[in-house]
Amino acid sequence: MSTQHAKPEHHPGTADEPPGPPPAEDTPEEAGAAAEETEPGPRDLSPERRARARALLRGALRPHWATVGAAMAAAGIRQVAFLAVPWCIQKALDDGVTAEDGNALLGWAAAALAAAAVQFAGLYGWQYWAGSADAKVGADLRSRLLRHLAGLDRAALASRGHGDLAMRAGRDTDLVREWVHGLAIWVVLGTTFVGVLTGMGVLDVSLLLVTLGMLPFLVWVNLYFPRRFGAASGELAEAHGVRAEAVADLLQLGTGLRGTGGHRPLVDRHAAASATVTDRTVKAARIEASWASVAPFVPRMAVAIGVGVGGLAVLDGRLTVGGLVAFTSWMASITLATRVLVDRLLARGQADVAAARIDEALSIEATVADPAEPVALTSGGDLELTGVSAVRDGVTVLAPLDLTVRKGEFVAVDGATGSGKSTLLRLPVRLDDPGTGTVRYGGTDLRDAALDDIRGRIAYVAQRPMLLSGTVAENLRLGRDLPDEALHDACRTAGIHDQIAAMPDGYATELGESGTALSGGQVQRLAIARALLGEPEVLILDDSTSALDTTTERAVLDRLRTWAAGRTIVFATHRTAVLEAADRVVTLTATGRGGDAGEAPGKGLDPAGADAGPAASEPASAGVPASVPTPTPEGPRG
Amino acid sequence: MAETVLLNEQPDERRVLRRAAPYLRPHRRALLVAVVVGLADSAALVAVAPLIGRATDALLGKDRGGLLSAAAVLVLLAVLQLGLARAGELLLAKAGENVVRSLREKCVENLASAPLRFLESHRSGDLLRRTTGEVAALASFVRMHLRNLVSATATLLFTLVVLFGYSWQLALVQLAVFVPLTLLVMRWFQRSAPRAFGGKAAAEATVAATFTETLNVREALQSARGLPGWLRRFDRENTAAVGAARRAIRVENRIDLVGLIEGFALVVLLLVGGWSVSRGAMGVGTVVVFVLASRNLFDSFSDISQLVGEVQTARTGLARLLDLLAATDRAAAQTPGAAGTAAEPPLRGELVCEDLGYSYRDGTEVLRGVSLTFPVGDRTGVVGETGSGKTTLSKLLCGLYAPDRGVVRFAGVDLRDIPEAELRRRVVLVPQEVRMVTGTVAANLELVHTTPDRAAMERAVAELGLEDWLRDLGGLDAEVGVRGSRLSAGERQIVGLLRAALADPAVLVLDEATADIDPVTAGRLEHALDGMRGDRTIVVVAHRPATIARLPRVIALDGGRVAGTTADATMARTTMVNAS
């Protein structure tokens with residue numbers, strides 16, 4: 001008699017499906033993301049977005065087609081060998097054991113062993129190449145995302161949570177990887193369906209009918225449950241996202257809130273989010289449990305019926321016992337193949353959604369971008385801001401104002417909290433573009449110049465400078481090719497060289513993500529040094545001495561003035577020492593939050609500069625260039 | 001300096017279950033019920049092969065009744081299994097989720113209670129990944145794979161019982177071929193797995209951390225033209241992640257050798273079985289049952305071996321999580337008295353520090369022998385050169401850092417012995433950089449130990465004379481943008497001062513808390529904070545002369561030491577100059 005392996009089907013995960021990359025569908029979270037909009041299912045994609053998503057997937061695959069092709073070829077070879085093993089064993093049973101023919105038994109046993117060896121080699125190649133392809137596609141996508149996002153300006157990313165963006169490089173990329181990994185499975189499916197259904201037909205038509213009769217139920221099971229499960233798992237992913245955001249808040253903000261005990265309410269917020277996660281997990285598990293129990297129930301019933309019907313056929317002599325055993329075995333293969341088929345279709349849908357989200361992140365357009373044909377800036381011109389204003393989220397943060405800074409001039413910008421100093425200072429480096437008005441350097445509108453050109457000439461130090469993880473030297477160089485000497489010189493000018501040199505590792509000292517090992521004042525001076533290293537023509541400082549004691553501050557200012565020698569400095573500050581050191585002080589007044597800024601000319605600049613110190617306060621009104629440098633008594637250049 | 005407790009990049013994965021046991025214990029009853037139901041389900045599954053064997057025998061014996069009864073029992077079994085499978089999976093998923101929930105909530109609680117230095121010594125991306133990504137991975141393992149693991153193991157055991165029942169000799173031959181070779185393969189896999197999978201997880205965590213960091217430091221990179229160099233670094237990390245993924249696949253593929261061994265074991269089974277049949281020692285039916293049931297054997301083994309990868313990932317995740325819990329526990333325990341007597345000093349009292357010494361990781365002492373006394377109602381300024389240790393001192397005075405040497409006492413009680421919640425009722429720090437969450441102004445003002453209500457917020461706003469400011473901002477329900485991006489640095493500091501007013505502590509330490517606010521407003525706010533309560537002790541770290549000038553006493557720090565104390569602001573400024 002003949003037989004074949006009857007695989008009493010087990011729920012998911014048998015040899016037909018290699019372990020893929022981490023099951024992305026259920027590791028919803030990478031870096032914390034509250035997906036603001038509910039995640040669209042594959043059906044919700046508009047035709048246009050879907051087309052773009054597919055184009056992205058094709059494009060991501062193109063450089064690695066050879067690897068994917070190799071995986072497919074290996075998978076095909078593997079599946080043929082895999083199906084051949086039970087066939088060889090059936091032959092060995094029929095022609096060898098039952099017929100008691102020693103030679104046939106040995107021959108078929110050897111053939112089975114050879115098939116098993118080929119099966120292994122194929123499987124190894126399949127998994128290796130599929131895994132390589134998915135890792136490489138993932139790396140490509142992360143790299144594309146990072147390159148795009150890193151170049152975007154604040155306004156372009158204003159409404160985007162960092163967690164959500166990081167999720168596109170994390171979870172969404174993983175979903176695409178899973179799809180890439182599974183491409184070779186299509187070859188396996190094709191081989192299985194063609195082989196098994198043909199074999200079934202040859203065996204006995206009634207058994208083929210039982211099989212075909214079962215298929216619609218199988219397809220229904222595999223479509224109905226995933227859809228319900230998909231919805232539940234979407235809600236679960238969202239809950240995970242909310243929780244992750246709560247953890248991110250606690251970790252990234254909690255340290256700063258500890259002083260007032262403000263991290264405790266954040267823990268409570270997390271507990272609420274965590275409870276929601278549990279509720280939704282149980283809901284998803286309920287659907288999943290029904291799915292997992294109904295799915296094998298269908299083929300099991302078919303096998304039971306098949307054994308009855310087929311058994312009667314055997315008794316009537318229309319079928320052999322070996323044929324009946326082969327039927328149960330093939331039933332298992334078909335069941336598995338149907339499940340994997342539907343799985344692949346769903347993974348495809350998920351990959352579409354993920355690709356659409358990645359594509360959407362890649363399509364965020366910079367509001368500050370290089371012009372099509374950049375005009376080269378000329379060195380050493382005046383910096384002219386004409387009628388510039390800024391509105392953020394409907395609130396005027398900078399009322400229209402004019403300001404001209406002559407080449408070589410040191411201008412201090414003073415003004416009350418909320419008067420728009422920081423907003424103003426971001427304009428000349430084009431971190432933002434003004435809502436109205438223009439910024440010119442040497443007569444050229446900065447919007448007509450290349451960003452790299454601008455930032456090579458105009459350097460900017462933020463009010464809260466950010467440090468990167470890495471050494472002091474890496475933080476200064478930022479990938480630029482600069483000799484150690486240059487670093488030391490810049491740090492001397494910024495008045496921090498001695499302190500760095502005194503650290504145990506000197507310039508090789510590692511700084512944390514937010515440079516906590518350094519004091520606020522040290523970070524500020526490091527940032528100044530970083531800006532000086534670019535040899536800028538204009539240096540813009542946003543309250544960069546606010547954390548310095550007055551002695552250090554004076555020393556830094558002195559060195560800066562010496563360094564400047566013909567270069568321009570714009571310095572936002574309240575500090576007396578800076579106001580005194582400046583050639584000229586301009587004072588901004590509050591823009592009147594919520595008020596109708598811009599309606600009154602001259603509102604932006606207030607003659608009565610509060611606390612302007614001994615330096616001359618320069619009143620100016622919109623439309624009138626605020627110039628007329630007033631030399632200060634202590635001005636080193638005076 | 002106290003040794004800073006650090007997380008392990010690739011934590012020890014040995015005995016990870018034993019270490020997790022305390023978190024499993026409260027759920028042991030639910031877990032037990034789930035496993036028992038799962039066992040019943042597996043028993044029903046294993047019974048299928050012998051039933052088909054009986055049907056085969058019935059056919060060979062031309063027994064129509066036997067055939068039909070076997071088919072009927074198969075139908076019954078299928079129905080029974082439908083219910084068992086569903087119940088087993090659901091029960092296990094529920095119990096597992098409850099375990100994971102308690103783990104993640106404990107994790108967050110520990111992070112919230114961990115010493116500030118611990119958090120500052122780690123990249124927040126790494127901590128974040130452990131508490132979100134890896135927790136989610138663990139949850140999904142519990143939901144999707146744990147049940148397969150249970151059922152595969154049970155199937156394996158029941159199948160062995162069946163096989164030995166038919167022919168113990170053949171069963172022994174089968175096992176002698178299959179088990180040692182398979183175990184060898186498993187061992188080979190497991191030897192390299194922790195490094196391969198741990199390395200992969202670490203490499204991906206690095207890429208994720210750099211990605212998140214890039215979003216944060218984007219503008220600095222742009223304006224300093226540092227993007228190209230930074231991208232090269234990211235590319236290197238990305239390439240390393242691909243390499244780590246490939247290494248992990250190569251190790252994972254070792255498991256597939258089991259398939260080859262299966263083929264070999266079947267061949268041996270056929271040869272021995274064929275020989276036995278030819279000798280008349282057993283019937284063909286027994287060989288058929290073996291061929292059928294050995295699929296069960298192999299499949300459950302293969303299921304287990306495939307799950308080994310998942311188990312490995314989950315183990316790595318669990319180990320990293322337990323490492324986080326252990327490290328935070330350890331870091332918290334480093335603070336002596338933390339676990340000891342929970343003292344509750346009076347609400348008013350003198351703040352005293354004696355012979356304070358403190359250093360960060362690099363070993364340089366930032367504070368040395370600092371002894372100061374702040375009587376009730378005292379107003380003191382702290383000045384000093386940048387890097388002279390002012391911020392560190394303010395964190396020590398508030399108990400945010402534990403001193404390496406010396407002690408800080410409030411009303412005679414060591415700060416380390418006062419529970420955190422009690423401590424914040426007495427001593428509060430407002431830092432220069434005020435942290436904001438995405439949401440409304442009210443949601444941000446809530447971030448105080450008292451979790452104040454709206455009435456309290458409105459009262460505080462009025463007390464500081466900020467009604468106009470708040471109205472212009474759009475009221476308590478105005479959105480502040482992503483993490484407060486709509487507010488300027490100065491406006492955020494105003495929020496910080498409002499939080500201080502809401503916290504209403506006996507001792508208020510302001511660390512450059514008004515540096516970003518314009519001098520006029522700052523002066524007004526400082527005055528208002530003073531005036532709210534006469535007996536409040538105020539310590540002000542500041543550079544702004546106007547701020548210092550209003551204080552009756554000034555302490556100058558130089559190089560981590562007290563360089564002088566003056567009762568007069570003019571003299572203080574002189575001291576400052578002399579100190580440098």
# chains A, B, ... in the order shown; residues from 1 in each chain; ligands from 1
>>> select_by_dssp(residues="range 284-407 of chain A", states="helix (DSSP H, G or I)", output="PyMOL selection string")
chain A and resi 284-315+321-362
>>> residues_around(residues="Leu82 in chain B", least_positions_apart="6", cutoff="9 Å", atoms="only C-alpha atoms", output="PyMOL selection string")
(chain A and resi 290+292-294+296-297) or (chain B and resi 41)
>>> closest_residue(among="B:Asn296, B:Asn253, B:Thr380, B:Ser488", to="Ala154 in chain B", atoms="only C-alpha atoms")
B:Asn296
>>> atom_distance(atom1="CA of Asp63 in chain B", atom2="CA of Leu203 in chain A")
22.5 Å
>>> residues_around(residues="range 246-249 of chain B", least_positions_apart="2", cutoff="9 Å", atoms="only C-alpha atoms", output="list in words")
Gln127, Tyr128, Gly131, Ser132 and Ala135 of chain A; Ser192, Ala193, Arg195, Ala196, Phe197, Gly199, Lys200, Ala241, Val242, Gly243, Ala244, Val251, Glu252, Asn253 and Arg254 of chain B
>>> residues_around(residues="range 66-76 of chain B", least_positions_apart="6", cutoff="6 Å", atoms="only C-alpha atoms", output="PyMOL selection string")
(chain A and resi 301+304+308) or (chain B and resi 55+58)
>>> closest_residue(among="A:Leu312, A:Val267, A:Ala114, A:Ile334", to="Gly199 in chain A", atoms="only C-alpha atoms")
A:Ile334
>>> residues_around(residues="Leu119 in chain B", least_positions_apart="3", cutoff="10 Å", atoms="only C-alpha atoms", output="CSV table (one decimal) with C-alpha atoms, in the first residue's frame")
chain,number,residue,atom,x,y,z
A,251,LEU,CA,11.4,60.1,29.2
A,252,GLN,CA,12.1,63.2,27.3
A,254,GLY,CA,10.0,64.0,32.7
A,255,THR,CA,13.5,64.8,33.7
B,5,VAL,CA,24.3,52.5,37.1
B,6,LEU,CA,24.2,51.8,33.4
B,111,LEU,CA,11.7,55.1,35.2
B,112,ALA,CA,9.7,57.8,36.9
B,114,ALA,CA,14.9,56.3,38.9
B,115,PRO,CA,17.5,58.9,39.9
B,116,LEU,CA,17.8,61.8,37.5
B,122,HIS,CA,21.3,57.1,28.7
B,123,ARG,CA,20.1,58.1,25.3
B,124,SER,CA,16.4,58.6,25.6
B,127,LEU,CA,15.2,53.8,27.0
B,328,THR,CA,16.4,51.2,37.8
>>> closest_residue(among="B:Ile548, B:Val437, B:Val461, B:Val185", to="chain A", atoms="only C-alpha atoms")
B:Val437
>>> select_by_dssp(residues="range 381-412 of chain A", states="strand (DSSP E)", output="VMD selection string")
chain A and resid 383 to 392 395 to 405 410 to 412
>>> residues_around(residues="Thr173 in chain A", least_positions_apart="5", cutoff="9 Å", atoms="only C-alpha atoms", output="MDAnalysis selection string")
chainID A and resid 137:139 141:142 167:168 178 351 354:355 358
>>> write_last_selection(atoms="N, CA, C and O atoms", output="mmCIF file, in the first residue's frame")
data_model
loop_
_atom_site.group_PDB
_atom_site.id
_atom_site.type_symbol
_atom_site.label_atom_id
_atom_site.label_comp_id
_atom_site.auth_asym_id
_atom_site.auth_seq_id
_atom_site.Cartn_x
_atom_site.Cartn_y
_atom_site.Cartn_z
ATOM 1 N N VAL A 137 16.484 46.536 1.439
ATOM 2 C CA VAL A 137 15.386 47.449 1.099
ATOM 3 C C VAL A 137 15.064 48.335 2.309
ATOM 4 O O VAL A 137 14.867 49.540 2.176
ATOM 5 N N GLY A 138 15.056 47.722 3.494
ATOM 6 C CA GLY A 138 14.784 48.495 4.715
ATOM 7 C C GLY A 138 15.820 49.594 4.916
ATOM 8 O O GLY A 138 15.475 50.740 5.202
ATOM 9 N N ALA A 139 17.096 49.249 4.735
ATOM 10 C CA ALA A 139 18.163 50.240 4.917
ATOM 11 C C ALA A 139 18.001 51.372 3.904
ATOM 12 O O ALA A 139 18.150 52.552 4.233
ATOM 13 N N LEU A 141 15.254 52.425 2.477
ATOM 14 C CA LEU A 141 14.103 53.277 2.801
ATOM 15 C C LEU A 141 14.407 54.195 3.981
ATOM 16 O O LEU A 141 14.090 55.377 3.966
ATOM 17 N N ARG A 142 15.049 53.640 5.001
ATOM 18 C CA ARG A 142 15.402 54.470 6.166
ATOM 19 C C ARG A 142 16.309 55.613 5.737
ATOM 20 O O ARG A 142 16.159 56.749 6.165
ATOM 21 N N MET A 167 8.131 56.499 13.159
ATOM 22 C CA MET A 167 7.399 55.266 12.912
ATOM 23 C C MET A 167 7.464 54.881 11.431
ATOM 24 O O MET A 167 7.433 53.711 11.087
ATOM 25 N N ARG A 168 7.572 55.880 10.573
ATOM 26 C CA ARG A 168 7.639 55.553 9.138
ATOM 27 C C ARG A 168 8.961 54.878 8.820
ATOM 28 O O ARG A 168 9.055 54.084 7.894
ATOM 29 N N GLU A 178 8.659 43.046 5.221
ATOM 30 C CA GLU A 178 7.961 41.767 5.299
ATOM 31 C C GLU A 178 7.429 41.366 3.934
ATOM 32 O O GLU A 178 7.500 40.209 3.536
ATOM 33 N N ALA A 351 1.585 46.382 2.929
ATOM 34 C CA ALA A 351 2.767 47.023 2.350
ATOM 35 C C ALA A 351 2.345 48.256 1.567
ATOM 36 O O ALA A 351 3.028 49.279 1.581
ATOM 37 N N ALA A 354 1.686 50.924 4.126
ATOM 38 C CA ALA A 354 2.956 51.379 4.693
ATOM 39 C C ALA A 354 3.720 52.209 3.674
ATOM 40 O O ALA A 354 4.269 53.268 3.993
ATOM 41 N N ALA A 355 3.747 51.729 2.434
ATOM 42 C CA ALA A 355 4.477 52.458 1.393
ATOM 43 C C ALA A 355 3.839 53.818 1.165
ATOM 44 O O ALA A 355 4.525 54.818 0.935
ATOM 45 N N ILE A 358 5.063 56.020 3.873
ATOM 46 C CA ILE A 358 6.458 56.407 3.627
ATOM 47 C C ILE A 358 6.512 57.445 2.520
ATOM 48 O O ILE A 358 7.187 58.473 2.621
#
>>> atom_distance(atom1="CA of Val541 in chain B", atom2="CA of Val408 in chain B")
17.7 Å
